[in-house]
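With mmCIF, C-alpha atoms and all ligand atoms inside, this is structure.cif:
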data_start
#
loop_
_atom_site.label_atom_id
_atom_site.label_comp_id
_atom_site.auth_asym_id
_atom_site.auth_seq_id
_atom_site.Cartn_x
_atom_site.Cartn_y
_atom_site.Cartn_z
CA MET A 1 -3.57 17.92 8.70
CA LEU A 2 -3.67 17.64 4.94
CA SER A 3 -6.72 17.93 2.69
CA LYS A 4 -7.90 14.73 1.09
CA GLU A 5 -7.04 16.17 -2.32
CA ASP A 6 -3.45 17.00 -1.36
CA ASN A 7 -3.10 13.64 0.34
CA GLU A 8 -4.13 11.88 -2.85
CA LEU A 9 -1.81 14.10 -4.90
CA MET A 10 1.11 13.23 -2.62
CA CYS A 11 0.51 9.49 -2.32
CA ARG A 12 -0.58 8.25 -5.78
CA VAL A 13 2.51 7.20 -7.70
CA GLY A 14 1.29 5.24 -10.73
CA PRO A 15 1.77 6.23 -14.39
CA GLU A 16 0.22 9.57 -15.35
CA THR A 17 -0.36 10.75 -11.80
CA PRO A 18 1.36 14.04 -10.86
CA MET A 19 3.43 12.43 -8.08
CA GLY A 20 4.18 9.45 -10.31
CA ASP A 21 5.44 11.77 -13.04
CA ALA A 22 7.54 13.70 -10.50
CA LEU A 23 9.12 10.51 -9.12
CA ARG A 24 9.99 9.40 -12.64
CA ARG A 25 12.17 12.50 -13.05
CA TYR A 26 14.80 11.23 -10.57
CA TRP A 27 17.30 8.39 -10.57
CA LEU A 28 15.88 5.86 -8.08
CA PRO A 29 17.40 2.74 -6.55
CA ALA A 30 15.44 -0.30 -7.72
CA LEU A 31 17.40 -3.19 -6.19
CA LEU A 32 20.71 -4.09 -4.57
CA SER A 33 23.69 -4.86 -6.81
CA SER A 34 23.89 -8.17 -4.96
CA ASP A 35 20.37 -9.06 -6.16
CA LEU A 36 21.97 -9.68 -9.58
CA PRO A 37 25.16 -11.30 -8.31
CA HIS A 38 26.84 -12.36 -11.57
CA PRO A 39 26.48 -12.22 -15.37
CA ASP A 40 23.59 -14.32 -16.68
CA CYS A 41 22.19 -14.87 -13.16
CA ASP A 42 18.44 -15.32 -12.70
CA PRO A 43 16.40 -12.21 -13.58
CA LYS A 44 14.53 -10.30 -10.85
CA ARG A 45 10.99 -9.01 -11.02
CA VAL A 46 10.76 -5.43 -9.70
CA ARG A 47 7.54 -3.56 -9.06
CA LEU A 48 8.29 0.17 -9.07
CA VAL A 49 5.99 3.22 -8.97
CA GLY A 50 3.01 1.07 -9.92
CA GLU A 51 4.58 -0.74 -12.87
CA ASP A 52 6.16 -4.17 -13.32
CA PHE A 53 9.71 -4.51 -14.61
CA ILE A 54 12.34 -7.17 -15.09
CA ALA A 55 15.97 -6.59 -14.16
CA PHE A 56 18.80 -8.78 -15.45
CA ARG A 57 22.58 -8.77 -15.76
CA ASP A 58 23.73 -9.86 -19.19
CA THR A 59 26.78 -11.91 -20.16
CA LYS A 60 28.96 -8.80 -20.23
CA GLY A 61 27.69 -7.61 -16.82
CA ARG A 62 25.43 -4.88 -18.23
CA ILE A 63 22.14 -4.25 -16.44
CA GLY A 64 18.90 -4.54 -18.39
CA PHE A 65 15.76 -2.97 -16.94
CA LEU A 66 12.76 -3.71 -19.18
CA ASP A 67 9.01 -3.96 -18.99
CA GLU A 68 8.28 -7.26 -17.30
CA TYR A 69 5.86 -8.26 -20.02
CA CYS A 70 7.22 -9.50 -23.34
CA ARG A 71 6.82 -7.18 -26.30
CA HIS A 72 5.24 -10.08 -28.24
CA ARG A 73 2.21 -11.28 -26.24
CA SER A 74 3.10 -10.23 -22.71
CA ALA A 75 4.47 -13.42 -21.21
CA SER A 76 6.40 -12.56 -18.06
CA LEU A 77 10.11 -12.19 -18.65
CA ALA A 78 10.56 -13.19 -15.00
CA LEU A 79 10.30 -16.70 -16.46
CA GLY A 80 12.84 -15.85 -19.17
CA ARG A 81 16.28 -17.27 -19.87
CA VAL A 82 19.22 -14.90 -19.42
CA GLU A 83 21.75 -16.04 -22.00
CA ASP A 84 24.24 -14.85 -24.58
CA CYS A 85 23.88 -11.09 -24.02
CA GLY A 86 20.13 -10.92 -23.63
CA ILE A 87 16.95 -12.24 -22.05
CA ARG A 88 14.85 -14.74 -23.99
CA CYS A 89 11.11 -15.11 -23.45
CA ILE A 90 10.34 -18.81 -22.97
CA TYR A 91 6.96 -18.59 -24.76
CA HIS A 92 8.08 -18.07 -28.40
CA GLY A 93 11.75 -17.31 -27.90
CA TRP A 94 11.90 -13.59 -28.63
CA LYS A 95 15.13 -12.27 -27.23
CA PHE A 96 15.92 -8.76 -26.00
CA ALA A 97 19.19 -6.97 -25.25
CA TYR A 98 19.78 -4.85 -22.14
CA ASP A 99 18.82 -1.70 -24.07
CA GLY A 100 15.61 -3.17 -25.50
CA THR A 101 17.01 -4.07 -28.93
CA VAL A 102 15.18 -7.10 -30.31
CA LEU A 103 17.89 -9.67 -31.03
CA GLU A 104 15.84 -12.63 -32.23
CA THR A 105 12.24 -13.51 -33.13
CA PRO A 106 12.62 -17.22 -33.97
CA ASN A 107 8.94 -17.83 -34.78
CA VAL A 108 8.95 -15.14 -37.51
CA GLU A 109 10.51 -15.90 -40.89
CA ASP A 110 11.14 -12.27 -41.96
CA PRO A 111 14.68 -11.40 -40.71
CA ASP A 112 13.90 -7.66 -40.79
CA PHE A 113 10.83 -7.90 -38.57
CA LYS A 114 12.89 -7.57 -35.38
CA THR A 115 14.45 -4.28 -36.52
CA ARG A 116 11.10 -2.49 -36.65
CA PHE A 117 10.51 -2.12 -32.89
CA LYS A 118 12.20 -2.31 -29.49
CA ALA A 119 11.24 -3.46 -26.03
CA ARG A 120 10.57 -0.69 -23.50
CA ALA A 121 13.91 -0.35 -21.72
CA PHE A 122 15.22 2.14 -19.16
CA PRO A 123 18.67 3.50 -18.31
CA ALA A 124 20.24 1.65 -15.36
CA ARG A 125 23.45 2.37 -13.45
CA GLU A 126 25.25 0.74 -10.53
CA ALA A 127 26.73 2.77 -7.69
CA GLY A 128 27.07 2.57 -3.91
CA GLY A 129 25.80 -1.03 -3.77
CA PHE A 130 22.51 -0.24 -5.54
CA ILE A 131 21.16 -0.58 -9.08
CA TRP A 132 19.57 2.75 -10.03
CA VAL A 133 17.07 3.37 -12.80
CA TYR A 134 15.62 6.36 -14.56
CA LEU A 135 12.01 5.92 -15.68
CA GLY A 136 11.22 9.41 -16.99
CA PRO A 137 11.23 11.08 -20.41
CA VAL A 138 14.51 10.61 -22.30
CA GLU A 139 15.00 14.34 -22.85
CA LYS A 140 14.60 15.10 -19.12
CA GLU A 141 17.16 12.62 -17.76
CA PRO A 142 19.09 14.38 -14.96
CA PRO A 143 22.81 13.89 -14.33
CA PHE A 144 23.50 10.74 -12.35
CA PRO A 145 24.04 11.79 -8.70
CA HIS A 146 27.33 11.19 -6.96
CA TYR A 147 26.87 10.64 -3.24
CA SER A 148 29.64 10.47 -0.67
CA TRP A 149 29.53 6.73 -0.02
CA PHE A 150 29.91 5.84 -3.73
CA ASP A 151 33.70 6.26 -3.49
CA LEU A 152 34.22 3.80 -0.63
CA PRO A 153 35.29 0.22 -1.29
CA ALA A 154 32.48 -2.36 -1.08
CA SER A 155 34.07 -3.76 2.10
CA HIS A 156 33.21 -0.49 3.90
CA VAL A 157 29.55 -0.25 2.82
CA VAL A 158 26.57 -2.35 3.92
CA THR A 159 23.38 -2.16 1.87
CA THR A 160 20.04 -3.78 2.67
CA VAL A 161 16.46 -3.70 1.43
CA HIS A 162 13.20 -4.84 2.96
CA HIS A 163 9.61 -4.00 2.23
CA GLY A 164 6.73 -2.26 3.94
CA GLU A 165 3.11 -2.83 3.00
CA CYS A 166 2.13 0.81 2.93
CA ASN A 167 2.55 4.03 0.97
CA PHE A 168 6.08 5.42 0.78
CA VAL A 169 5.24 8.71 2.55
CA GLN A 170 4.11 6.79 5.63
CA ILE A 171 7.55 5.25 5.99
CA MET A 172 9.43 8.47 5.21
CA GLU A 173 7.57 10.39 7.91
CA GLY A 174 9.26 8.28 10.57
CA LEU A 175 12.65 9.17 9.13
CA VAL A 176 12.13 12.92 9.60
CA ASP A 177 10.62 12.56 13.06
CA SER A 178 13.28 12.56 15.74
CA SER A 179 10.78 12.75 18.58
CA HIS A 180 9.60 9.15 18.25
CA LEU A 181 13.05 7.73 18.85
CA GLY A 182 13.11 7.93 22.65
CA LEU A 183 9.64 6.39 22.87
CA LEU A 184 9.06 3.83 20.13
CA HIS A 185 12.70 2.73 20.12
CA MET A 186 13.42 2.97 23.85
CA ASP A 187 14.24 -0.74 24.11
CA GLY A 188 16.90 -0.47 21.41
CA LEU A 189 18.31 2.79 22.72
CA LYS A 190 18.85 1.26 26.16
CA LYS A 191 21.08 -1.33 24.49
CA THR A 192 23.28 1.50 23.21
CA ASP A 193 24.54 1.97 26.80
CA THR A 194 26.53 -1.25 26.61
CA SER A 195 27.18 -1.79 22.89
CA ASP A 196 30.60 -1.08 21.38
CA LEU A 197 29.21 -0.54 17.87
CA THR A 198 29.83 2.89 16.37
CA PHE A 199 26.17 3.17 15.36
CA ALA A 200 25.09 2.52 18.96
CA LYS A 201 27.49 5.08 20.42
CA LYS A 202 26.27 7.76 18.02
CA THR A 203 22.65 7.06 18.90
CA ASN A 204 23.02 6.84 22.67
CA THR A 205 21.99 10.36 23.72
CA MET A 206 18.57 10.23 22.09
CA GLN A 207 17.01 8.41 25.03
CA PHE A 208 17.65 11.33 27.38
CA ASN A 209 15.25 13.92 26.00
CA LEU A 210 11.84 12.92 24.72
CA ALA A 211 10.77 16.36 23.49
CA PRO A 212 13.61 17.76 21.37
CA LYS A 213 13.17 21.22 19.91
CA LEU A 214 12.74 20.90 16.16
CA GLU A 215 13.51 23.37 13.41
CA ALA A 216 13.58 23.01 9.62
CA GLU A 217 14.95 25.01 6.71
CA ASP A 218 14.65 24.61 2.96
CA ALA A 219 17.75 23.47 1.06
CA PRO A 220 18.37 23.28 -2.72
CA TYR A 221 17.75 19.51 -2.62
CA GLY A 222 14.76 19.54 -0.24
CA PHE A 223 15.25 20.56 3.38
CA ASN A 224 17.35 20.10 6.51
CA TYR A 225 15.84 19.67 9.89
CA VAL A 226 17.39 19.63 13.32
CA ALA A 227 16.49 18.04 16.64
CA LEU A 228 18.04 20.06 19.48
CA ARG A 229 18.36 18.16 22.74
CA ASN A 230 19.43 19.61 26.03
CA ILE A 231 21.90 17.04 27.36
CA SER A 232 23.32 19.24 30.13
CA ASP A 233 25.02 17.27 32.88
CA ALA A 234 27.82 17.64 35.41
CA GLN A 235 30.03 18.93 32.58
CA GLY A 236 27.70 21.90 32.14
CA GLN A 237 25.10 23.26 29.77
CA ARG A 238 25.16 21.30 26.53
CA ILE A 239 22.88 21.25 23.48
CA GLU A 240 23.23 18.42 21.01
CA ALA A 241 22.09 19.11 17.44
CA ARG A 242 21.16 16.26 15.13
CA VAL A 243 20.64 17.43 11.55
CA THR A 244 18.85 15.29 8.97
CA ALA A 245 19.05 16.13 5.25
CA PHE A 246 15.96 15.25 3.24
CA VAL A 247 16.78 15.00 -0.46
CA ALA A 248 13.77 14.93 -2.76
CA PRO A 249 12.01 12.76 -3.49
CA CYS A 250 12.86 9.99 -1.00
CA PHE A 251 16.45 10.14 0.32
CA ILE A 252 17.12 10.74 4.01
CA PHE A 253 20.66 11.36 5.23
CA ASN A 254 20.66 10.36 8.90
CA PRO A 255 22.35 12.68 11.44
CA ASN A 256 24.83 9.92 12.30
CA GLY A 257 26.59 10.95 9.08
CA ASP A 258 27.16 7.39 7.91
CA LEU A 259 23.69 6.20 6.98
CA ILE A 260 21.20 6.93 4.23
CA THR A 261 17.70 5.53 4.07
CA ILE A 262 15.80 5.57 0.79
CA VAL A 263 12.11 4.74 0.50
CA VAL A 264 11.00 3.92 -3.02
CA PRO A 265 7.36 3.23 -3.85
CA ALA A 266 6.63 -0.19 -5.34
CA ASP A 267 3.11 1.15 -5.86
CA ASP A 268 0.56 3.20 -3.91
CA GLU A 269 0.42 0.67 -1.09
CA ALA A 270 3.86 -0.95 -0.90
CA SER A 271 7.40 0.37 -0.59
CA TYR A 272 11.02 -0.67 -0.67
CA PHE A 273 13.04 0.51 2.30
CA PHE A 274 16.74 0.68 1.38
CA HIS A 275 19.59 1.31 3.84
CA ALA A 276 23.25 2.06 3.10
CA PHE A 277 25.61 2.23 6.08
CA TRP A 278 29.26 3.10 5.60
CA ASP A 279 32.41 3.51 7.66
CA ALA A 280 35.51 5.01 6.03
CA GLU A 281 37.78 3.49 8.72
CA LYS A 282 36.25 0.09 9.44
CA LYS A 283 35.40 -2.78 7.11
CA LEU A 284 31.76 -2.68 8.11
CA ASN A 285 30.79 -5.13 5.37
CA GLU A 286 33.08 -7.90 6.63
CA GLU A 287 32.40 -10.40 9.42
CA PRO A 288 31.94 -10.29 12.31
CA LEU A 289 31.21 -6.55 12.14
CA ARG A 290 28.58 -6.82 9.39
CA SER A 291 26.42 -9.31 11.31
CA GLN A 292 26.84 -7.50 14.64
CA HIS A 293 25.81 -4.22 13.04
CA LEU A 294 22.79 -5.60 11.19
CA SER A 295 21.55 -7.61 14.19
CA PHE A 296 21.72 -4.57 16.45
CA ILE A 297 19.33 -2.68 14.15
CA GLY A 298 17.09 -5.64 13.25
CA LEU A 299 18.20 -5.80 9.62
CA ASP A 300 19.87 -9.21 9.62
CA ASP A 301 18.34 -11.72 7.21
CA ALA A 302 16.96 -13.99 9.94
CA THR A 303 15.11 -11.18 11.76
CA LEU A 304 13.75 -9.70 8.53
CA HIS A 305 12.47 -13.13 7.55
CA ARG A 306 10.95 -13.86 10.97
CA PHE A 307 9.12 -10.57 10.81
CA GLY A 308 8.00 -11.27 7.23
CA ILE A 309 9.51 -8.17 5.64
CA ASP A 310 12.18 -9.75 3.47
CA LEU A 311 11.31 -9.29 -0.20
CA GLY A 312 8.98 -11.89 -1.62
CA ASN A 313 7.73 -13.13 1.77
CA VAL A 314 4.08 -14.06 1.29
CA ASP A 315 3.56 -16.20 4.41
CA PRO A 316 -0.01 -15.28 5.51
CA GLY A 317 0.91 -15.90 9.16
CA ARG A 318 3.77 -13.40 9.17
CA PRO A 319 3.53 -10.46 11.57
CA ASN A 320 1.04 -8.05 10.00
CA ARG A 321 -1.62 -5.48 10.76
CA ALA A 322 -4.32 -8.09 11.44
CA ASN A 323 -2.32 -9.83 14.17
CA ASN A 324 -0.79 -6.61 15.57
CA PHE A 325 2.60 -7.74 14.35
CA LEU A 326 2.60 -10.51 16.99
CA GLN A 327 3.51 -7.98 19.67
CA ASP A 328 4.90 -9.40 22.89
CA ARG A 329 2.01 -8.27 25.14
CA GLU A 330 3.27 -10.14 28.17
CA GLY A 331 6.64 -8.45 27.82
CA MET A 332 4.90 -5.07 27.52
CA ARG A 333 2.99 -5.67 30.77
CA SER A 334 5.99 -6.95 32.69
CA GLY A 335 8.17 -4.00 31.65
CA ARG A 336 10.57 -6.15 29.62
CA THR A 337 9.73 -4.22 26.45
CA PHE A 338 7.95 -0.97 25.65
CA SER A 339 6.79 -1.66 22.10
CA GLY A 340 6.61 -5.45 22.21
CA LEU A 341 8.45 -5.55 18.90
CA PRO A 342 11.89 -6.99 18.25
CA GLY A 343 13.98 -4.09 16.87
CA PHE A 344 14.26 -0.58 15.44
CA VAL A 345 13.27 -1.69 11.94
CA GLN A 346 10.33 -3.82 13.07
CA GLU A 347 9.02 -0.98 15.26
CA ASP A 348 9.15 1.47 12.36
CA ILE A 349 7.45 -0.91 9.96
CA ALA A 350 4.71 -1.80 12.46
CA VAL A 351 3.70 1.81 13.17
CA SER A 352 3.90 2.74 9.48
CA VAL A 353 1.87 -0.21 8.21
CA ALA A 354 -0.69 -0.52 11.01
CA SER A 355 -2.35 2.78 10.02
CA GLY A 356 -3.53 1.17 6.79
CA PRO A 357 -1.98 1.16 3.33
CA THR A 358 -2.55 4.88 2.66
CA ARG A 359 -3.56 7.08 5.59
CA ASP A 360 -6.21 9.77 5.42
CA ARG A 361 -4.25 12.71 6.87
CA SER A 362 -7.23 15.08 6.91
CA ARG A 363 -8.09 14.29 10.54
CA GLU A 364 -4.59 14.32 11.97
CA THR A 365 -3.13 16.89 14.37
CA LEU A 366 0.40 18.00 13.60
CA SER A 367 2.31 19.47 16.55
CA ALA A 368 5.58 21.25 17.19
CA ALA A 369 7.17 17.79 17.09
CA ASP A 370 6.10 17.42 13.44
CA VAL A 371 7.85 20.40 11.91
CA ALA A 372 9.79 18.25 9.48
CA VAL A 373 6.80 16.09 8.60
CA GLY A 374 4.92 19.17 7.39
CA ARG A 375 8.00 20.21 5.43
CA LEU A 376 8.15 16.76 3.83
CA TYR A 377 4.54 17.04 2.65
CA ARG A 378 5.26 20.47 1.20
CA VAL A 379 8.30 19.35 -0.80
CA LEU A 380 6.45 16.38 -2.24
CA ILE A 381 3.28 18.28 -3.07
CA ASN A 382 5.29 21.13 -4.63
CA SER A 383 7.18 18.63 -6.76
CA ALA A 384 3.97 17.01 -7.98
CA ARG A 385 2.37 20.39 -8.76
CA ARG A 386 5.43 21.75 -10.54
CA VAL A 387 5.68 18.70 -12.80
CA LYS A 388 1.95 18.83 -13.48
CA ASP A 389 2.44 22.43 -14.62
CA GLY A 390 5.29 21.48 -16.95
CA GLY A 391 8.18 22.40 -14.63
CA ASP A 392 10.90 20.51 -12.77
CA PRO A 393 10.43 18.83 -9.37
CA VAL A 394 12.32 19.99 -6.26
CA GLY A 395 16.05 19.24 -6.31
CA ILE A 396 16.44 18.66 -10.05
CA ASP A 397 19.34 21.08 -10.49
CA PRO A 398 22.57 19.90 -12.13
CA ALA A 399 24.47 22.55 -10.12
CA ILE A 400 23.83 20.76 -6.82
CA ASP A 401 26.98 19.03 -5.56
CA THR A 402 25.32 15.83 -4.34
CA ASN A 403 28.65 14.59 -2.96
CA ALA A 404 28.54 17.28 -0.28
CA ILE A 405 25.07 16.47 1.08
CA LYS A 406 25.21 14.96 4.55
CA GLY A 407 23.52 14.56 7.88
CA ALA A 408 25.45 15.64 10.95
CA ALA A 409 25.37 15.57 14.75
CA ALA A 410 27.43 17.50 17.28
CA VAL A 411 27.30 19.23 20.63
CA LEU A 412 27.03 22.92 19.71
CA ARG A 413 29.63 25.40 20.94
CA SER A 414 28.30 28.45 22.70
CA GLY A 415 26.64 30.65 20.07
CA GLN A 416 27.11 28.11 17.26
CA ALA A 417 24.18 27.78 14.85
CA TRP A 418 23.13 24.25 13.90
CA GLN A 419 23.19 25.32 10.24
CA SER A 420 27.00 25.47 10.43
CA LEU A 421 27.09 21.65 10.71
CA VAL A 422 25.93 21.12 7.12
CA PRO A 423 26.92 22.79 3.83
CA SER A 424 25.11 26.03 3.03
CA ALA A 425 23.05 26.39 -0.13
CA ALA A 426 25.78 28.60 -1.63
CA THR A 427 28.53 26.06 -0.91
CA LEU A 428 26.48 23.23 -2.30
CA THR A 429 25.94 24.82 -5.66
CA ARG A 430 29.03 27.04 -6.03
CA ALA A 431 31.53 24.25 -6.72
CA ALA A 432 29.43 22.91 -9.57
CA ARG A 433 28.70 26.34 -11.08
CA GLU A 434 32.19 27.80 -10.95
CA PRO A 435 34.74 26.72 -13.56
CA ALA A 436 37.69 24.68 -12.31
CA GLY A 437 40.25 26.88 -10.59
CA ALA A 438 37.77 29.66 -9.79
CA LYS A 439 38.04 31.10 -6.29
S1 LIG A 501 5.07 -13.82 -25.54
FE1 LIG A 501 7.19 -13.62 -25.45
S2 LIG A 501 7.90 -14.49 -27.30
FE2 LIG A 501 5.75 -14.65 -27.40
FE FE A 502 12.06 4.91 13.82
#
In structure tokens, what does this structure look like?
Amino acid sequence: MLSKEDNELMCRVGPETPMGDALRRYWLPALLSSDLPHPDCDPKRVRLVGEDFIAFRDTKGRIGFLDEYCRHRSASLALGRVEDCGIRCIYHGWKFAYDGTVLETPNVEDPDFKTRFKARAFPAREAGGFIWVYLGPVEKEPPFPHYSWFDLPASHVVTTVHHGECNFVQIMEGLVDSSHLGLLHMDGLKKTDTSDLTFAKKTNTMQFNLAPKLEAEDAPYGFNYVALRNISDAQGQRIEARVTAFVAPCFIFNPNGDLITIVVPADDEASYFFHAFWDAEKKLNEEPLRSQHLSFIGLDDATLHRFGIDLGNVDPGRPNRANNFLQDREGMRSGRTFSGLPGFVQEDIAVSVASGPTRDRSRETLSAADVAVGRLYRVLINSARRVKDGGDPVGIDPAIDTNAIKGAAAVLRSGQAWQSLVPSAATLTRAAREPAGAK
């Protein structure tokens, strides 16, 4: 349960809200690198934390991330021409560079006019298959993070994005909630018995214990939480630990150790749901492995489109809250399917969105199964409050070695603590604080 006031504080992300200000203090993924596939390609409209932006790749490959609305009289630059190292508004031809410099104002005679102002532009970087932006105050820009999958070749990393028509916290809750896996996703987990995919093999045991023991602990970047499942069998007493790392404000390192999910608010009532999967050994991003992997999870283009959650899908008949996501009720009755929904991703989106765009959490009943959900609320609310009071949000610490953050899963040895599976707070920050060569 959360008071209505705290719920509002946590969920409102627009300009000049405490949570909105906190979110603007981090580097956030805004789109996939492949959304801007080549220099001078079509620009992309991006709605992010309650504001409208335009992203483009200029002739030299540099990313521009500007206010969507032209600095002249607010025509949408989504209609603009990307040409000759800038984006040109089609209304009166004003042209802007990737950093907001005004290059041309052809309907104004005075050649100095354009030097007197700039378009609102934001720092943008590309890494790990995503285009990242920083929307906060210039003087508060944190170091750009370096996560483990950034160093892998593109052929080993698969990135995707789809959308959910609800507040970002609603989607994130499902990602720190191991106990729903054996129920909501039981259809998909059964398929892991026969699949050869690495992802399937790593996920297989979750169907065998519906009430894992959950524990959580704070970490410098947010928190870690563990689901402990008794998977004892003929081989003896065995406890499997699956540790998830939650990195503020919206990054979830899955226990499989090769997947991150990132949920970025488009606004209060819509979110982008990014995935990056990687495999250091296999070329996961090449066929046929890429398609097999994405289809297994429900992230292939065709399934996303059929379910209406590919970006820009406005088909009013798509699966949605009003039609109960076109659940297969006959299949549910006959025992063919538990959820009546086609895949992991569709199940998560349906339960997140069907509660309404922003849930009132004041009448909910958290249980022992929701340890990490409560921790998630606390990290977010603390971040919003700290920024409101003039401080830094959780996890903004240049000493954190982001490259070392990971999720992990293993069968514990006798007496082994689950905390030993992930880096300790001291290890995470020591490398960055100590000078090179220090012991
Ligand atoms: S509105 Fe863009 S140039 Fe006039
Ligand atoms: Fe899920």
Contacts of stretch 214-224 of chain A within 7 Å, all atoms listed in the file, excl. fewer than 6 positions in-chain, as an MDAnalysis selection string: chainID A and resid 243:248 369 371:372 379 394:395 425
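Here the question is which of A:Val49, A:Val411, A:Ala30, A:Ala211 gets nearest to A:Ser232 using all atoms listed in the file, and that residue is A:Val411.
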12 Å from ligand FE 502 (chain A) is the threshold here; counting all atoms listed in the file, which polymer residues fall inside it? Answer as a PyMOL selection string. chain A and resi 170-189+203+206+254+261+297-298+339+343-352
As AutoDock Vina command-line options, please report the centre and edge lengths, rounded to one decimal in Å, of the axis-aligned box that holds all listed atoms of stretch 225-244 of chain A with 6 Å of padding on each of the six sides.
--center_x 22.9 --center_y 19.3 --center_z 22.2 --size_x 26.2 --size_y 20.0 --size_z 38.4
All residues 12 Å or closer to A:Ala154, only C-alpha atoms, same chain fewer than 3 positions away omitted, as a ChimeraX atom specification: /A:33-34,127-130,149-151,157-159,276-280,282-286
Give me the chain A side of the contact with ligand LIG 501 (chain A), cut-off 9 Å, one line per residue showing its nearest atom pair and distance in Å at one decimal, counting only C-alpha atoms and all ligand atoms, sorted by chain and residue number, as a tab-separated table.
residue	atom	partner	partner_atom	distance
A:Tyr69	CA	A:LIG501	FE1	7.7
A:Cys70	CA	A:LIG501	FE1	4.6
A:Arg71	CA	A:LIG501	FE1	6.5
A:His72	CA	A:LIG501	S1	4.6
A:Arg73	CA	A:LIG501	S1	3.9
A:Ser74	CA	A:LIG501	S1	5.0
A:Ala75	CA	A:LIG501	S1	4.4
A:Ser76	CA	A:LIG501	FE1	7.5
A:Leu77	CA	A:LIG501	FE1	7.5
A:Gly80	CA	A:LIG501	FE1	8.7
A:Arg88	CA	A:LIG501	S2	7.7
A:Cys89	CA	A:LIG501	FE1	4.6
A:Ile90	CA	A:LIG501	FE1	6.6
A:Tyr91	CA	A:LIG501	FE2	4.9
A:His92	CA	A:LIG501	S2	3.7
A:Gly93	CA	A:LIG501	S2	4.8
A:Trp94	CA	A:LIG501	S2	4.3
A:Lys95	CA	A:LIG501	S2	7.6
A:Thr105	CA	A:LIG501	S2	7.3
A:Pro106	CA	A:LIG501	S2	8.6
A:Asn107	CA	A:LIG501	S2	8.3
